>>> print(open('work-v1.pdb').read())   # PDB, C-alpha atoms, pLDDT in the B column
ATOM      1  CA  MET P   1      19.619  -5.117  11.629  1.00 79.00           C
ATOM      2  CA  THR P   2      18.454  -5.360   8.026  1.00 90.00           C
ATOM      3  CA  PRO P   3      15.149  -3.578   7.402  1.00 94.00           C
ATOM      4  CA  LYS P   4      12.158  -5.723   6.465  1.00 96.00           C
ATOM      5  CA  ARG P   5      11.130  -5.327   2.805  1.00 97.00           C
ATOM      6  CA  VAL P   6       7.383  -5.050   2.259  1.00 97.00           C
ATOM      7  CA  LEU P   7       5.510  -4.604  -1.019  1.00 96.00           C
ATOM      8  CA  PHE P   8       1.867  -3.526  -1.274  1.00 95.00           C
ATOM      9  CA  VAL P   9       0.099  -4.271  -4.569  1.00 93.00           C
ATOM     10  CA  CYS P  10      -3.182  -3.190  -6.086  1.00 89.00           C
ATOM     11  CA  ILE P  11      -4.325  -2.696  -9.661  1.00 87.00           C
ATOM     12  CA  GLU P  12      -3.914   1.062 -10.190  1.00 90.00           C
ATOM     13  CA  ASN P  13      -1.353   1.866  -7.451  1.00 93.00           C
ATOM     14  CA  SER P  14      -3.243   5.083  -6.768  1.00 94.00           C
ATOM     15  CA  ASN P  15      -5.177   4.486  -3.510  1.00 95.00           C
ATOM     16  CA  ARG P  16      -4.902   1.459  -1.185  1.00 95.00           C
ATOM     17  CA  SER P  17      -1.348   0.348  -1.917  1.00 95.00           C
ATOM     18  CA  GLN P  18      -0.077   3.930  -1.779  1.00 97.00           C
ATOM     19  CA  MET P  19      -1.668   4.468   1.643  1.00 98.00           C
ATOM     20  CA  ALA P  20      -0.293   1.121   2.855  1.00 98.00           C
ATOM     21  CA  GLU P  21       3.218   2.093   1.747  1.00 98.00           C
ATOM     22  CA  ALA P  22       2.825   5.396   3.596  1.00 98.00           C
ATOM     23  CA  PHE P  23       1.618   3.707   6.783  1.00 98.00           C
ATOM     24  CA  ALA P  24       4.492   1.205   6.640  1.00 98.00           C
ATOM     25  CA  ARG P  25       6.907   4.122   6.505  1.00 97.00           C
ATOM     26  CA  LEU P  26       5.082   5.921   9.320  1.00 97.00           C
ATOM     27  CA  HIS P  27       4.730   2.878  11.598  1.00 97.00           C
ATOM     28  CA  GLY P  28       7.937   1.055  10.673  1.00 97.00           C
ATOM     29  CA  GLY P  29      10.456   3.886  10.481  1.00 95.00           C
ATOM     30  CA  ASP P  30      13.992   2.722   9.689  1.00 95.00           C
ATOM     31  CA  GLY P  31      13.020  -0.902  10.364  1.00 96.00           C
ATOM     32  CA  VAL P  32      11.128  -1.261   7.087  1.00 97.00           C
ATOM     33  CA  GLU P  33      11.652  -0.628   3.391  1.00 97.00           C
ATOM     34  CA  ALA P  34       8.158  -0.092   2.007  1.00 97.00           C
ATOM     35  CA  PHE P  35       7.187  -0.223  -1.658  1.00 96.00           C
ATOM     36  CA  SER P  36       3.951  -0.179  -3.612  1.00 96.00           C
ATOM     37  CA  ALA P  37       3.103  -0.997  -7.204  1.00 94.00           C
ATOM     38  CA  GLY P  38       0.217  -1.823  -9.500  1.00 91.00           C
ATOM     39  CA  SER P  39      -0.514  -4.480 -12.078  1.00 86.00           C
ATOM     40  CA  ARG P  40      -2.025  -1.756 -14.312  1.00 88.00           C
ATOM     41  CA  PRO P  41      -0.836   1.503 -12.719  1.00 91.00           C
ATOM     42  CA  SER P  42      -2.874   4.620 -13.362  1.00 92.00           C
ATOM     43  CA  GLY P  43       0.219   6.808 -13.436  1.00 92.00           C
ATOM     44  CA  ARG P  44      -1.122   9.112 -10.735  1.00 94.00           C
ATOM     45  CA  ILE P  45      -1.969   9.204  -7.055  1.00 96.00           C
ATOM     46  CA  ASN P  46      -5.677   9.715  -6.432  1.00 96.00           C
ATOM     47  CA  PRO P  47      -6.275  13.264  -5.093  1.00 96.00           C
ATOM     48  CA  LYS P  48      -8.532  11.766  -2.401  1.00 96.00           C
ATOM     49  CA  ALA P  49      -5.649   9.600  -1.162  1.00 97.00           C
ATOM     50  CA  VAL P  50      -3.450  12.700  -1.036  1.00 97.00           C
ATOM     51  CA  ARG P  51      -6.135  14.622   0.875  1.00 97.00           C
ATOM     52  CA  PHE P  52      -6.955  11.901   3.403  1.00 97.00           C
ATOM     53  CA  MET P  53      -3.317  11.051   4.114  1.00 98.00           C
ATOM     54  CA  GLY P  54      -2.709  14.794   4.463  1.00 98.00           C
ATOM     55  CA  GLU P  55      -5.178  14.731   7.345  1.00 97.00           C
ATOM     56  CA  LEU P  56      -2.585  12.539   9.096  1.00 97.00           C
ATOM     57  CA  ASP P  57       0.301  14.856   8.144  1.00 96.00           C
ATOM     58  CA  TYR P  58       1.659  12.508   5.460  1.00 97.00           C
ATOM     59  CA  ASP P  59       2.430  14.000   2.036  1.00 97.00           C
ATOM     60  CA  LEU P  60       1.516  11.452  -0.651  1.00 96.00           C
ATOM     61  CA  THR P  61       2.515  13.901  -3.387  1.00 96.00           C
ATOM     62  CA  THR P  62       6.073  12.618  -2.844  1.00 94.00           C
ATOM     63  CA  HIS P  63       4.941   9.165  -4.114  1.00 95.00           C
ATOM     64  CA  ALA P  64       4.553   8.009  -7.712  1.00 94.00           C
ATOM     65  CA  SER P  65       2.242   5.395  -9.234  1.00 94.00           C
ATOM     66  CA  LYS P  66       4.521   2.511 -10.261  1.00 94.00           C
ATOM     67  CA  SER P  67       4.268  -0.718 -12.229  1.00 93.00           C
ATOM     68  CA  LEU P  68       5.155  -4.118 -10.823  1.00 90.00           C
ATOM     69  CA  ASP P  69       7.747  -4.179 -13.613  1.00 88.00           C
ATOM     70  CA  ASP P  70       9.615  -1.458 -11.682  1.00 89.00           C
ATOM     71  CA  VAL P  71       9.908  -3.594  -8.530  1.00 90.00           C
ATOM     72  CA  GLU P  72      12.876  -5.900  -8.028  1.00 88.00           C
ATOM     73  CA  GLY P  73      14.185  -8.274  -5.422  1.00 89.00           C
ATOM     74  CA  GLU P  74      12.713 -10.491  -2.769  1.00 92.00           C
ATOM     75  CA  PHE P  75      10.389  -9.306  -0.038  1.00 96.00           C
ATOM     76  CA  ASP P  76       9.661 -10.325   3.519  1.00 97.00           C
ATOM     77  CA  ALA P  77       5.982  -9.769   2.751  1.00 96.00           C
ATOM     78  CA  VAL P  78       3.887  -9.067  -0.331  1.00 94.00           C
ATOM     79  CA  ILE P  79       0.408  -7.810   0.427  1.00 94.00           C
ATOM     80  CA  THR P  80      -2.228  -7.630  -2.287  1.00 91.00           C
ATOM     81  CA  MET P  81      -5.256  -5.428  -1.784  1.00 87.00           C
ATOM     82  CA  GLY P  82      -7.858  -7.594  -3.470  1.00 76.00           C
ATOM     83  CA  CYS P  83      -6.611  -7.456  -7.065  1.00 66.00           C
ATOM     84  CA  GLY P  84      -7.058 -11.202  -7.516  1.00 61.00           C
ATOM     85  CA  ASP P  85      -5.731 -12.644 -10.765  1.00 54.00           C
ATOM     86  CA  ASP P  86      -4.219  -9.316 -11.829  1.00 61.00           C
ATOM     87  CA  CYS P  87      -1.291  -9.773  -9.435  1.00 63.00           C
ATOM     88  CA  PRO P  88       1.650 -11.754 -10.783  1.00 65.00           C
ATOM     89  CA  TRP P  89       3.920 -13.854  -8.614  1.00 71.00           C
ATOM     90  CA  ILE P  90       6.475 -11.799  -6.635  1.00 80.00           C
ATOM     91  CA  PRO P  91       9.129 -13.613  -4.540  1.00 83.00           C
ATOM     92  CA  ALA P  92       8.221 -13.278  -0.866  1.00 91.00           C
ATOM     93  CA  ARG P  93       8.594 -15.114   2.418  1.00 92.00           C
ATOM     94  CA  ARG P  94       4.989 -14.271   3.234  1.00 93.00           C
ATOM     95  CA  ARG P  95       1.962 -13.447   1.096  1.00 91.00           C
ATOM     96  CA  GLU P  96      -1.406 -12.092   2.138  1.00 92.00           C
ATOM     97  CA  ASP P  97      -4.440 -10.772   0.315  1.00 90.00           C
ATOM     98  CA  TRP P  98      -6.324  -8.226   2.369  1.00 93.00           C
ATOM     99  CA  GLY P  99      -9.317  -7.996   0.038  1.00 88.00           C
ATOM    100  CA  LEU P 100      -9.991  -4.368   0.862  1.00 91.00           C
ATOM    101  CA  PRO P 101     -12.587  -2.489  -1.189  1.00 91.00           C
ATOM    102  CA  ASP P 102     -11.261   0.192  -3.523  1.00 90.00           C
ATOM    103  CA  PRO P 103     -12.205   3.494  -1.865  1.00 94.00           C
ATOM    104  CA  ARG P 104     -11.877   5.450  -5.138  1.00 91.00           C
ATOM    105  CA  ASP P 105     -15.613   6.190  -5.479  1.00 93.00           C
ATOM    106  CA  MET P 106     -16.538   6.171  -1.777  1.00 96.00           C
ATOM    107  CA  ASP P 107     -17.771   9.154   0.189  1.00 97.00           C
ATOM    108  CA  ASP P 108     -15.435  10.804   2.688  1.00 97.00           C
ATOM    109  CA  ALA P 109     -16.487   8.614   5.631  1.00 98.00           C
ATOM    110  CA  GLY P 110     -16.065   5.424   3.607  1.00 97.00           C
ATOM    111  CA  TYR P 111     -12.657   6.512   2.320  1.00 97.00           C
ATOM    112  CA  ARG P 112     -11.461   7.329   5.844  1.00 98.00           C
ATOM    113  CA  ALA P 113     -12.727   3.937   7.064  1.00 98.00           C
ATOM    114  CA  VAL P 114     -10.653   2.104   4.418  1.00 97.00           C
ATOM    115  CA  ARG P 115      -7.636   4.327   5.196  1.00 98.00           C
ATOM    116  CA  ASP P 116      -7.907   3.581   8.909  1.00 98.00           C
ATOM    117  CA  GLU P 117      -8.339  -0.162   8.288  1.00 98.00           C
ATOM    118  CA  ILE P 118      -5.159  -0.117   6.186  1.00 98.00           C
ATOM    119  CA  SER P 119      -3.310   1.611   9.035  1.00 98.00           C
ATOM    120  CA  THR P 120      -4.479  -1.021  11.527  1.00 98.00           C
ATOM    121  CA  ARG P 121      -3.505  -3.916   9.233  1.00 98.00           C
ATOM    122  CA  VAL P 122      -0.090  -2.426   8.449  1.00 98.00           C
ATOM    123  CA  LYS P 123       0.668  -2.045  12.179  1.00 98.00           C
ATOM    124  CA  ALA P 124      -0.284  -5.686  12.797  1.00 98.00           C
ATOM    125  CA  LEU P 125       1.767  -6.853   9.807  1.00 98.00           C
ATOM    126  CA  LEU P 126       4.896  -4.996  10.924  1.00 98.00           C
ATOM    127  CA  ASP P 127       4.500  -6.301  14.470  1.00 96.00           C
ATOM    128  CA  SER P 128       4.413  -9.868  13.117  1.00 96.00           C
ATOM    129  CA  LEU P 129       7.478  -9.666  10.849  1.00 95.00           C
TER     130      LEU P 129
END
>>> encode(input="work-v1.pdb", output="structure tokens")
Amino acid sequence: MTPKRVLFVCIENSNRSQMAEAFARLHGGDGVEAFSAGSRPSGRINPKAVRFMGELDYDLTTHASKSLDDVEGEFDAVITMGCGDDCPWIPARRREDWGLPDPRDMDDAGYRAVRDEISTRVKALLDSL
């Protein structure tokens, strides 16, 4: 069976989309090829994202902040994280905008809440593909 290809997009590719890519890998295993990218990537993974994914035994330091220009091919699903007009058209069978708040400046409880919401949404997405 061919793995499902899923792309998660936000502006900086340093928080939400990185966590979503990680959860897709965790929840989807070999059945998914997960990618993330940003319309204006920051070039780094937010240390908070690294710390809060580390709480779940996932090492985000293995990821890199990438541009949408680095992403090629067609996807089974493209999920934007609320970046609105900053996201260009990417070929996909399915598109969704999750409209999640950027947790960058949130306190620890708020950041964990966004992280956990991303996990829940990724599980539901993978189950529906």
>>> resolve_selection(input="work-v1.pdb", expression="the PyMOL selection byres ((chain P and resi 95) around 6)", output="PyMOL selection string")
chain P and resi 77-79+94+96
>>> write_last_selection(input="work-v1.pdb", atoms="C-alpha atoms", output="PDB file, in the frame of the given file")
ATOM      1  CA  ALA P  77       5.982  -9.769   2.751  1.00 96.00           C
ATOM      2  CA  VAL P  78       3.887  -9.067  -0.331  1.00 94.00           C
ATOM      3  CA  ILE P  79       0.408  -7.810   0.427  1.00 94.00           C
ATOM      4  CA  ARG P  94       4.989 -14.271   3.234  1.00 93.00           C
ATOM      5  CA  GLU P  96      -1.406 -12.092   2.138  1.00 92.00           C
TER       6      GLU P  96
END
>>> atom_distance(input="work-v1.pdb", atom1="CA of Phe23 (chain P)", atom2="CA of Val122 (chain P)")
6.6 Å
>>> resolve_selection(input="work-v1.pdb", expression="the PyMOL selection byres ((chain P and resi 15-17) around 7)", output="mmCIF file with C-alpha atoms, in the coordinates of the input")
data_model
loop_
_atom_site.group_PDB
_atom_site.id
_atom_site.type_symbol
_atom_site.label_atom_id
_atom_site.label_comp_id
_atom_site.auth_asym_id
_atom_site.auth_seq_id
_atom_site.Cartn_x
_atom_site.Cartn_y
_atom_site.Cartn_z
ATOM 1 C CA PHE P 8 1.867 -3.526 -1.274
ATOM 2 C CA VAL P 9 0.099 -4.271 -4.569
ATOM 3 C CA CYS P 10 -3.182 -3.190 -6.086
ATOM 4 C CA ASN P 13 -1.353 1.866 -7.451
ATOM 5 C CA SER P 14 -3.243 5.083 -6.768
ATOM 6 C CA GLN P 18 -0.077 3.930 -1.779
ATOM 7 C CA MET P 19 -1.668 4.468 1.643
ATOM 8 C CA ALA P 20 -0.293 1.121 2.855
ATOM 9 C CA GLU P 21 3.218 2.093 1.747
ATOM 10 C CA SER P 36 3.951 -0.179 -3.612
ATOM 11 C CA ILE P 45 -1.969 9.204 -7.055
ATOM 12 C CA ASN P 46 -5.677 9.715 -6.432
ATOM 13 C CA ALA P 49 -5.649 9.600 -1.162
ATOM 14 C CA MET P 81 -5.256 -5.428 -1.784
ATOM 15 C CA ASP P 102 -11.261 0.192 -3.523
ATOM 16 C CA ARG P 104 -11.877 5.450 -5.138
#
>>> atom_distance(input="work-v1.pdb", atom1="CA of Lys4 (chain P)", atom2="CA of Arg112 (chain P)")
27.0 Å
>>> axis_aligned_box(input="work-v1.pdb", around="region 23-38 of chain P", padding_each_side="8 Å", output="lines of an AutoDock Vina configuration file")
center_x = 7.1
center_y = 2.0
center_z = 1.0
size_x = 29.8
size_y = 23.7
size_z = 37.1
>>> atom_distance(input="work-v1.pdb", atom1="CA of Ala37 (chain P)", atom2="CA of Asp69 (chain P)")
8.5 Å
>>> closest_residue(input="work-v1.pdb", among="P:Asp127, P:Asp105, P:Glu72, P:Asp59", to="Leu7 (chain P)", atoms="all atoms listed in the file")
P:Glu72
>>> resolve_selection(input="work-v1.pdb", expression="the PyMOL selection byres ((chain P and resi 30) around 10)", output="VMD selection string")
chain P and resid 1 to 4 25 to 29 31 to 33
>>> closest_residue(input="work-v1.pdb", among="P:Arg5, P:Asp76, P:Tyr111, P:Asp70", to="Met53 (chain P)", atoms="all atoms listed in the file")
P:Tyr111
>>> residues_around(input="work-v1.pdb", residues="Val114 (chain P)", least_positions_apart="4", cutoff="8 Å", atoms="all atoms listed in the file", output="VMD selection string")
chain P and resid 100 to 101 103 110 118
>>> residues_around(input="work-v1.pdb", residues="Arg44 (chain P)", least_positions_apart="6", cutoff="9 Å", atoms="all atoms listed in the file", output="PDB file with C-alpha atoms, in the frame of the given file")
ATOM      1  CA  GLU P  12      -3.914   1.062 -10.190  1.00 90.00           C
ATOM      2  CA  ASN P  13      -1.353   1.866  -7.451  1.00 93.00           C
ATOM      3  CA  SER P  14      -3.243   5.083  -6.768  1.00 94.00           C
ATOM      4  CA  HIS P  63       4.941   9.165  -4.114  1.00 95.00           C
ATOM      5  CA  ALA P  64       4.553   8.009  -7.712  1.00 94.00           C
ATOM      6  CA  SER P  65       2.242   5.395  -9.234  1.00 94.00           C
ATOM      7  CA  LYS P  66       4.521   2.511 -10.261  1.00 94.00           C
TER       8      LYS P  66
END
>>> residues_around(input="work-v1.pdb", residues="Gly73 (chain P)", least_positions_apart="2", cutoff="10 Å", atoms="only C-alpha atoms", output="PDB file with C-alpha atoms, keeping the file's coordinate frame")
ATOM      1  CA  ARG P   5      11.130  -5.327   2.805  1.00 97.00           C
ATOM      2  CA  VAL P  71       9.908  -3.594  -8.530  1.00 90.00           C
ATOM      3  CA  PHE P  75      10.389  -9.306  -0.038  1.00 96.00           C
ATOM      4  CA  ILE P  90       6.475 -11.799  -6.635  1.00 80.00           C
ATOM      5  CA  PRO P  91       9.129 -13.613  -4.540  1.00 83.00           C
ATOM      6  CA  ALA P  92       8.221 -13.278  -0.866  1.00 91.00           C
TER       7      ALA P  92
END
>>> closest_residue(input="work-v1.pdb", among="P:Glu117, P:Gly54, P:Thr80, P:Asp108", to="Leu68 (chain P)", atoms="all atoms listed in the file")
P:Thr80
